[in-house]
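Source file data_34.txt; content: compact mmCIF, C-alpha atoms and all ligand atoms.
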# COMPACT_ATOMS: atom_id res chain seq x y z
CA MET A 1 -2.98 22.82 -13.03
CA LYS A 2 -4.13 21.15 -9.83
CA SER A 3 -1.67 18.91 -8.05
CA GLY A 4 -1.01 17.49 -4.64
CA PHE A 5 -0.57 14.61 -2.26
CA VAL A 6 -3.19 12.37 -0.72
CA ALA A 7 -2.14 9.90 2.00
CA VAL A 8 -3.97 6.60 2.08
CA ALA A 9 -4.84 5.34 5.57
CA GLY A 10 -6.66 2.27 6.81
CA ARG A 11 -6.29 -1.05 8.60
CA PRO A 12 -4.21 -3.81 7.02
CA ASN A 13 -5.98 -5.75 4.29
CA VAL A 14 -8.81 -3.29 3.66
CA GLY A 15 -7.53 -2.88 0.09
CA LYS A 16 -5.46 0.32 0.20
CA SER A 17 -2.87 -0.86 -2.29
CA THR A 18 -5.48 -2.36 -4.61
CA LEU A 19 -7.34 0.94 -4.53
CA VAL A 20 -4.19 2.97 -5.23
CA ASN A 21 -3.57 0.76 -8.27
CA ALA A 22 -7.17 1.23 -9.43
CA LEU A 23 -6.99 5.00 -9.00
CA CYS A 24 -3.70 5.16 -10.92
CA GLY A 25 -4.94 2.91 -13.71
CA GLY A 26 -2.06 0.43 -13.37
CA LYS A 27 -0.08 -1.61 -10.89
CA VAL A 28 2.19 0.45 -8.68
CA ALA A 29 1.79 -1.36 -5.36
CA ILE A 30 1.86 -5.08 -4.71
CA VAL A 31 -1.14 -6.73 -3.12
CA SER A 32 -1.62 -9.88 -1.08
CA ASP A 33 -3.94 -11.39 1.47
CA LYS A 34 -1.19 -11.18 4.12
CA PRO A 35 -0.74 -8.25 6.53
CA GLN A 36 2.41 -6.11 6.16
CA THR A 37 2.46 -6.51 2.39
CA THR A 38 3.20 -2.80 2.02
CA ARG A 39 6.51 -2.08 3.73
CA ARG A 40 7.53 1.21 2.24
CA ARG A 41 5.88 4.42 1.19
CA ILE A 42 4.95 4.21 -2.47
CA PHE A 43 3.74 7.12 -4.53
CA GLY A 44 1.11 6.14 -7.06
CA ILE A 45 0.82 8.96 -9.57
CA GLU A 46 -2.33 9.63 -11.58
CA ASN A 47 -1.89 12.13 -14.37
CA GLY A 48 -4.79 13.95 -16.03
CA ASP A 49 -4.86 16.81 -18.56
CA ASP A 50 -5.37 19.34 -15.79
CA HIS A 51 -4.07 17.58 -12.71
CA GLN A 52 -1.51 15.34 -11.04
CA LEU A 53 -2.83 13.31 -8.13
CA VAL A 54 -0.08 11.73 -6.02
CA LEU A 55 -1.34 8.98 -3.70
CA ALA A 56 0.90 7.84 -0.87
CA ASP A 57 0.29 4.14 -0.23
CA LEU A 58 1.63 3.32 3.19
CA PRO A 59 2.31 0.52 5.62
CA GLY A 60 -0.44 0.36 8.25
CA PHE A 61 -0.11 2.11 11.62
CA GLN A 62 1.51 -0.34 13.99
CA ARG A 63 3.38 -0.70 17.22
CA PRO A 64 7.10 -0.98 16.31
CA LEU A 65 8.40 -4.46 17.11
CA ASP A 66 11.82 -4.39 15.49
CA ALA A 67 14.03 -2.11 13.42
CA LEU A 68 12.00 -2.80 10.28
CA THR A 69 8.59 -1.94 11.76
CA GLU A 70 10.12 1.06 13.51
CA ARG A 71 11.33 2.38 10.16
CA MET A 72 7.95 1.59 8.63
CA GLN A 73 6.10 3.54 11.34
CA HIS A 74 8.47 6.49 10.94
CA THR A 75 7.59 6.52 7.22
CA VAL A 76 3.89 6.60 8.05
CA ASP A 77 4.23 9.48 10.52
CA ALA A 78 6.34 11.50 8.08
CA ALA A 79 3.91 10.90 5.21
CA PHE A 80 1.01 12.48 7.08
CA GLU A 81 2.85 15.70 7.80
CA GLU A 82 2.41 17.39 4.44
CA VAL A 83 -0.67 16.14 2.64
CA ASP A 84 -3.54 17.95 0.99
CA ALA A 85 -6.11 15.31 1.93
CA VAL A 86 -6.43 11.84 3.39
CA LEU A 87 -8.13 8.89 1.76
CA PHE A 88 -9.38 6.74 4.64
CA VAL A 89 -10.12 3.21 3.42
CA LEU A 90 -12.52 0.85 5.20
CA SER A 91 -13.63 -2.64 4.26
CA ALA A 92 -17.37 -3.15 3.82
CA ARG A 93 -16.74 -6.86 4.35
CA GLU A 94 -15.57 -6.57 7.92
CA ARG A 95 -17.02 -5.12 11.07
CA ILE A 96 -16.01 -1.50 11.42
CA GLY A 97 -14.42 -1.47 14.85
CA ALA A 98 -11.67 -0.45 17.24
CA GLY A 99 -8.86 -0.65 14.67
CA ASP A 100 -10.73 1.71 12.36
CA ARG A 101 -11.57 4.07 15.24
CA PHE A 102 -7.90 4.27 16.20
CA ILE A 103 -6.97 5.32 12.67
CA ALA A 104 -9.95 7.69 12.54
CA SER A 105 -8.67 9.46 15.64
CA ARG A 106 -5.35 10.07 13.90
CA VAL A 107 -6.63 11.14 10.48
CA PHE A 108 -9.39 13.44 11.71
CA ALA A 109 -6.85 15.31 13.83
CA LEU A 110 -4.68 16.21 10.82
CA GLY A 111 -6.67 19.24 9.78
CA VAL A 112 -7.04 18.29 6.13
CA PRO A 113 -10.15 16.94 4.39
CA VAL A 114 -10.79 13.24 4.87
CA VAL A 115 -12.48 11.25 2.13
CA ILE A 116 -13.77 7.85 3.23
CA ALA A 117 -13.72 4.98 0.73
CA LEU A 118 -15.87 2.05 1.82
CA ASN A 119 -14.11 -0.64 -0.21
CA LYS A 120 -15.00 -4.21 -1.22
CA VAL A 121 -18.68 -3.54 -1.90
CA ASP A 122 -18.60 -6.03 -4.81
CA ARG A 123 -21.16 -8.82 -4.39
CA LEU A 124 -22.53 -7.35 -1.15
CA LYS A 125 -26.25 -6.84 -0.56
CA ALA A 126 -27.45 -3.25 -0.78
CA SER A 127 -28.87 -3.45 2.76
CA HIS A 128 -25.48 -4.55 4.12
CA ILE A 129 -23.70 -1.75 2.26
CA ALA A 130 -26.19 0.75 3.71
CA GLU A 131 -25.48 -0.48 7.26
CA GLN A 132 -21.73 -0.22 6.70
CA VAL A 133 -22.09 3.32 5.30
CA THR A 134 -23.85 4.30 8.52
CA ALA A 135 -21.14 2.64 10.64
CA ALA A 136 -18.43 4.37 8.60
CA ALA A 137 -20.06 7.77 8.96
CA ARG A 138 -20.24 7.24 12.73
CA LEU A 139 -16.42 6.99 12.84
CA ALA A 140 -16.24 10.71 12.37
CA ALA A 141 -18.00 11.30 15.69
CA GLY A 142 -16.14 11.11 18.99
CA PRO A 143 -17.21 8.88 21.91
CA ASP A 144 -19.45 11.64 23.25
CA GLY A 145 -21.29 11.76 19.92
CA ARG A 146 -19.77 15.07 18.93
CA ALA A 147 -17.77 15.52 15.77
CA ALA A 148 -14.19 14.37 16.21
CA GLY A 149 -12.98 17.93 15.90
CA PRO A 150 -11.28 18.56 12.56
CA ARG A 151 -9.01 21.56 12.54
CA PHE A 152 -8.61 23.15 9.16
CA LYS A 153 -5.83 25.02 7.46
CA ALA A 154 -7.69 28.27 6.77
CA ASP A 155 -6.18 28.67 3.31
CA HIS A 156 -7.15 25.18 2.16
CA PRO A 157 -9.50 25.03 -0.87
CA ALA A 158 -11.97 23.04 1.19
CA ALA A 159 -11.80 25.39 4.18
CA ASP A 160 -15.52 25.97 4.02
CA TRP A 161 -16.06 22.28 4.62
CA LEU A 162 -18.42 21.81 7.54
CA GLY A 163 -18.93 18.08 8.00
CA THR A 164 -16.67 15.76 9.88
CA PHE A 165 -15.55 14.01 6.74
CA HIS A 166 -15.57 15.50 3.30
CA ALA A 167 -17.26 12.67 1.43
CA LEU A 168 -17.95 8.95 1.61
CA HIS A 169 -17.69 6.72 -1.45
CA PRO A 170 -18.69 3.06 -1.59
CA VAL A 171 -16.23 1.48 -4.04
CA SER A 172 -14.79 -1.78 -5.25
CA ALA A 173 -11.11 -1.55 -6.02
CA LYS A 174 -11.42 -4.99 -7.55
CA THR A 175 -14.18 -4.30 -10.09
CA GLY A 176 -13.54 -0.55 -10.41
CA ASP A 177 -17.04 0.36 -9.27
CA GLY A 178 -17.11 3.91 -7.93
CA VAL A 179 -13.39 4.45 -8.52
CA GLU A 180 -13.90 7.11 -11.20
CA GLU A 181 -16.14 9.16 -8.91
CA LEU A 182 -13.67 8.79 -6.04
CA ARG A 183 -10.81 9.97 -8.25
CA ALA A 184 -12.79 13.06 -9.29
CA GLU A 185 -13.55 13.78 -5.63
CA LEU A 186 -9.86 13.63 -4.68
CA VAL A 187 -8.75 15.74 -7.64
CA GLY A 188 -11.33 18.32 -6.60
CA LEU A 189 -9.54 18.69 -3.26
CA LEU A 190 -6.13 19.44 -4.77
CA PRO A 191 -4.76 22.97 -4.72
CA GLU A 192 -3.20 24.74 -7.69
CA GLY A 193 0.33 23.43 -8.00
CA PRO A 194 3.23 22.29 -10.16
CA LEU A 195 3.93 18.89 -11.68
CA TYR A 196 5.78 17.05 -8.93
CA PHE A 197 6.75 14.16 -11.25
CA PRO A 198 7.14 13.88 -15.03
CA ALA A 199 3.65 13.42 -16.50
CA GLU A 200 4.39 9.93 -17.87
CA GLN A 201 5.58 8.59 -14.51
CA ARG A 202 3.25 6.36 -12.50
CA THR A 203 5.34 5.67 -9.41
CA ASP A 204 8.42 6.96 -7.62
CA LEU A 205 9.86 3.47 -7.09
CA SER A 206 12.93 2.64 -9.14
CA VAL A 207 12.56 -0.13 -11.72
CA GLY A 208 14.79 -2.34 -9.57
CA THR A 209 12.60 -1.89 -6.52
CA GLN A 210 9.47 -2.57 -8.58
CA VAL A 211 11.05 -5.84 -9.77
CA SER A 212 11.94 -6.87 -6.19
CA GLU A 213 8.43 -6.05 -5.06
CA LEU A 214 6.84 -8.16 -7.81
CA ILE A 215 8.95 -11.14 -6.73
CA ARG A 216 8.05 -10.56 -3.08
CA GLU A 217 4.36 -10.37 -3.99
CA LYS A 218 4.42 -13.83 -5.56
CA ALA A 219 6.36 -15.21 -2.58
CA LEU A 220 3.75 -13.77 -0.20
CA TRP A 221 0.86 -15.44 -2.02
CA LEU A 222 2.62 -18.82 -1.92
CA THR A 223 3.56 -18.83 1.78
CA ARG A 224 1.72 -18.35 5.05
CA ASP A 225 1.92 -18.06 8.84
CA GLU A 226 5.15 -16.35 9.93
CA VAL A 227 6.98 -16.88 6.62
CA PRO A 228 5.62 -13.81 4.73
CA HIS A 229 6.88 -11.48 7.48
CA ALA A 230 10.37 -12.97 7.20
CA ILE A 231 10.65 -12.54 3.42
CA SER A 232 12.55 -9.80 1.67
CA VAL A 233 13.95 -9.63 -1.84
CA GLU A 234 17.37 -8.35 -2.79
CA LEU A 235 18.08 -7.65 -6.43
CA GLU A 236 21.58 -8.78 -7.41
CA GLU A 237 21.69 -8.08 -11.11
CA ILE A 238 19.39 -6.51 -13.66
CA ASP A 239 20.00 -5.77 -17.32
CA ASP A 240 18.03 -6.24 -20.50
CA LYS A 241 18.56 -10.01 -20.55
CA VAL A 242 18.95 -11.19 -16.97
CA VAL A 243 17.34 -10.56 -13.62
CA ARG A 244 19.04 -12.23 -10.66
CA ALA A 245 17.52 -11.87 -7.22
CA ALA A 246 17.80 -13.41 -3.77
CA ILE A 247 14.75 -14.14 -1.68
CA LEU A 248 15.89 -13.59 1.89
CA VAL A 249 14.41 -15.43 4.84
CA GLU A 250 15.50 -15.62 8.46
CA THR A 251 15.76 -19.34 9.21
CA GLU A 252 16.69 -22.62 7.57
CA SER A 253 13.12 -23.96 7.98
CA GLN A 254 11.68 -20.87 6.26
CA LYS A 255 14.15 -21.46 3.46
CA GLN A 256 12.87 -25.01 3.03
CA ILE A 257 9.30 -23.71 2.77
CA VAL A 258 10.18 -21.07 0.17
CA VAL A 259 12.29 -23.51 -1.84
CA GLY A 260 9.61 -26.21 -1.67
CA LYS A 261 9.85 -29.89 -2.56
CA GLY A 262 12.42 -30.22 -5.32
CA GLY A 263 12.40 -26.43 -5.70
CA ALA A 264 8.70 -26.34 -6.64
CA VAL A 265 7.76 -23.23 -4.65
CA VAL A 266 10.62 -20.99 -5.76
CA LYS A 267 10.03 -22.18 -9.31
CA GLU A 268 6.37 -21.18 -9.06
CA ILE A 269 7.35 -17.75 -7.69
CA GLY A 270 9.52 -17.27 -10.78
CA THR A 271 6.84 -18.50 -13.16
CA ARG A 272 4.34 -16.01 -11.75
CA ALA A 273 6.75 -13.07 -11.47
CA ARG A 274 8.45 -13.31 -14.86
CA PRO A 275 5.56 -12.17 -17.11
CA GLU A 276 4.97 -9.11 -14.92
CA ILE A 277 8.68 -8.29 -14.82
CA GLU A 278 8.84 -8.60 -18.61
CA ALA A 279 5.81 -6.33 -18.99
CA LEU A 280 7.49 -3.78 -16.74
CA LEU A 281 10.86 -3.91 -18.51
CA GLY A 282 9.38 -4.21 -21.98
CA ASN A 283 11.50 -7.21 -22.95
CA GLN A 284 12.00 -10.88 -22.21
CA VAL A 285 14.37 -11.79 -19.40
CA PHE A 286 15.99 -14.80 -17.85
CA LEU A 287 14.91 -14.76 -14.19
CA GLU A 288 17.19 -16.47 -11.69
CA LEU A 289 15.95 -16.74 -8.11
CA LYS A 290 17.88 -18.04 -5.12
CA VAL A 291 16.69 -18.41 -1.54
CA LYS A 292 19.14 -17.30 1.14
CA VAL A 293 19.10 -17.29 4.93
CA ARG A 294 19.91 -13.95 6.57
CA PRO A 295 19.30 -14.39 10.31
CA HIS A 296 17.51 -11.43 11.91
CA TRP A 297 17.63 -9.19 8.82
CA ARG A 298 14.62 -7.31 10.24
CA ARG A 299 16.74 -6.17 13.22
CA ASP A 300 19.90 -5.53 11.24
CA ASP A 301 20.28 -1.83 10.45
CA ALA A 302 23.00 -2.37 7.85
CA MET A 303 20.87 -4.97 6.07
CA LEU A 304 17.82 -2.68 6.19
CA GLU A 305 19.85 0.11 4.59
CA ARG A 306 20.93 -2.28 1.84
CA LEU A 307 17.33 -3.28 1.22
CA GLY A 308 16.38 0.38 0.95
CA PHE A 309 14.44 0.95 4.17
N1 LIG A 401 -13.56 -8.57 -2.91
C1 LIG A 401 -12.66 -7.57 -2.90
N2 LIG A 401 -11.39 -7.81 -2.46
C2 LIG A 401 -10.51 -6.78 -2.46
C3 LIG A 401 -10.89 -5.47 -2.92
N3 LIG A 401 -9.80 -4.68 -2.78
C4 LIG A 401 -8.80 -5.45 -2.27
N4 LIG A 401 -9.22 -6.72 -2.09
C5 LIG A 401 -8.43 -7.86 -1.55
O1 LIG A 401 -8.07 -7.58 -0.19
C6 LIG A 401 -6.76 -8.09 0.10
C7 LIG A 401 -5.85 -7.01 0.64
O2 LIG A 401 -5.60 -6.05 -0.38
P1 LIG A 401 -4.42 -4.98 -0.26
O3 LIG A 401 -4.64 -3.97 -1.34
O4 LIG A 401 -3.09 -5.67 -0.21
O5 LIG A 401 -4.76 -4.33 1.18
P2 LIG A 401 -3.91 -3.28 2.06
O6 LIG A 401 -3.21 -4.09 3.10
O7 LIG A 401 -4.93 -2.36 2.70
O8 LIG A 401 -2.99 -2.54 1.14
C8 LIG A 401 -6.25 -8.72 -1.20
O9 LIG A 401 -6.53 -10.11 -1.15
C9 LIG A 401 -7.09 -8.04 -2.28
O10 LIG A 401 -7.23 -8.80 -3.44
C10 LIG A 401 -12.24 -5.27 -3.40
O11 LIG A 401 -12.65 -4.19 -3.80
N5 LIG A 401 -13.06 -6.35 -3.35
MG MG A 402 -0.95 -2.37 1.11
In structure tokens, how does this file's structure come out?
Ligand SMILES: Nc1nc2c(ncn2[C@@H]2O[C@H](COP(=O)(O)OP(=O)(O)O)[C@@H](O)[C@H]2O)c(=O)[nH]1
Ligand SMILES: [Mg+2]
Amino acid sequence: MKSGFVAVAGRPNVGKSTLVNALCGGKVAIVSDKPQTTRRRIFGIENGDDHQLVLADLPGFQRPLDALTERMQHTVDAAFEEVDAVLFVLSARERIGAGDRFIASRVFALGVPVVIALNKVDRLKASHIAEQVTAAARLAAGPDGRAAGPRFKADHPAADWLGTFHALHPVSAKTGDGVEELRAELVGLLPEGPLYFPAEQRTDLSVGTQVSELIREKALWLTRDEVPHAISVELEEIDDKVVRAAILVETESQKQIVVGKGGAVVKEIGTRARPEIEALLGNQVFLELKVKVRPHWRRDDAMLERLGF
């Protein structure tokens, strides 16, 4: 049995969560076009006959601005302490630049193999993909052109690895192109080990947290500017018939946006979330959503504890 943990690193919006879902063969992490969609560490678990691959989807590296982002950054630092490999995700659709180099400097210093996934190659010209592969490979070299010095745990199965990154895979998390090969690559890096989670489990999040996250995902897609950052979801009741949840925002004007004209926005959030919640729970539910103002919840330690951060 091979088993182990792979941390997923990369700039916001490069498709880390989408890729974790694709690698796990089902939705474990919510996805949106807004930064800071991923607020907590989520394990996506992929089980094979001979392996268990645990992917840690993470908030992006960021400068802490408030109690929430400070907790998020602490989660990221802790997650990188004990991993067997890192999956470093880049977007082929954007210029590979300073933000990627900053993350490269962190992941190449960890001393574990780094697999680069060049994501979003769907509908891109082959010549453009080739250029981006070259730019991605260059990330492994320091400013003086020398390799960015990986240190290796001597007893690691890939200890004879000589390059600066272990492998580079062009993929599309959206279409699934290249995902199978990437999964095999990651599994190949895992050491012999036990089952860390029951073999039928696909994530470590509780059902309640998964439900809250699905509601938050729909709210993120339907709002913009500063509103997505201010949204959190608190589950108030869940049983086999009813799900009651509060969408928390920080100000009265944000509340108006999330409620919408005549309640249209919050109604749409419910309409989009309910089928996915029902699929998760395996039965039909009555979904009741309220929008509540909780000033400064992002700075409120007691509130953050309640929300599970
Ligand atoms: N075209 C394309 N879009 C993608 C792909 N993977 C992710 N996306 C989109 O990129 C955005 C950010 O995705 P997400 O997984 O939340 O990124 P994260 O912040 O790195 O976790 C979403 O709008 C996704 O639908 C891909 O392979 N191709
Ligand atoms: Mg994410």
Which residues are near ligand MG 402 (chain A) in this structure, taking near to mean any atom at most 10 Å from a ligand atom and counting all atoms listed in the file? Format them as a ChimeraX atom specification. /A:8-20,29-42,57-60
With 8 Å on each side, where is the centre of the axis-aligned box around all listed atoms of stretch 63-66 of chain A, and how long are its edges in Å to one decimal, as JSON?
{"center_x": 7.6, "center_y": -2.6, "center_z": 16.4, "size_x": 24.4, "size_y": 19.8, "size_z": 17.7}
Can you pull out every residue within 8 Å of A:Arg294, counting only C-alpha atoms, but drop anything in the same chain fewer than 3 positions away, and send it as a PDB file with C-alpha atoms, keeping the file's coordinate frame?
ATOM      1  CA  LEU A 248      15.890 -13.590   1.890  1.00  0.00           C
ATOM      2  CA  VAL A 249      14.410 -15.430   4.840  1.00  0.00           C
ATOM      3  CA  GLU A 250      15.500 -15.620   8.460  1.00  0.00           C
ATOM      4  CA  THR A 251      15.760 -19.340   9.210  1.00  0.00           C
ATOM      5  CA  TRP A 297      17.630  -9.190   8.820  1.00  0.00           C
TER       6      TRP A 297
END
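Picture a line from atom CA of A:Ile103 to atom CA of A:Leu139; it runs 9.6 Å.
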For ligand LIG 401 (chain A), the nearest of the candidates A:Ala173, A:Leu65, A:Ala92, A:Met72, counting only C-alpha atoms and all ligand atoms: A:Ala173
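Shortest atom-to-atom contact with ligand LIG 401 (chain A) among A:Glu200, A:Glu131, A:Glu82, A:Asp100: A:Asp100, counting only C-alpha atoms and all ligand atoms.
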Go through A:Glu234, A:Glu192, A:Asp49, A:Asp122 one by one, measure the shortest atom-to-atom distance of each to ligand LIG 401 (chain A) using only C-alpha atoms and all ligand atoms, and give the residue with the smallest value.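 Of A:Glu234, A:Glu192, A:Asp49, A:Asp122, the one nearest ligand LIG 401 (chain A), counting only C-alpha atoms and all ligand atoms, is A:Asp122.
Closest approach to ligand LIG 401 (chain A) from the set A:Arg93, A:Arg101, A:Arg244, A:Lys261 is made by A:Arg93, with distances taken over all atoms listed in the file.
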At what distance in Å, to one decimal, does atom CA of A:Ala279 lie from atom CA of A:Thr209?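 Atom CA of A:Thr209 sits 14.9 Å away from atom CA of A:Ala279.
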Using all atoms listed in the file, which residue out of A:Lys267, A:Lys292, A:Lys120, A:Arg216 lies closest to A:Val179? A:Lys120
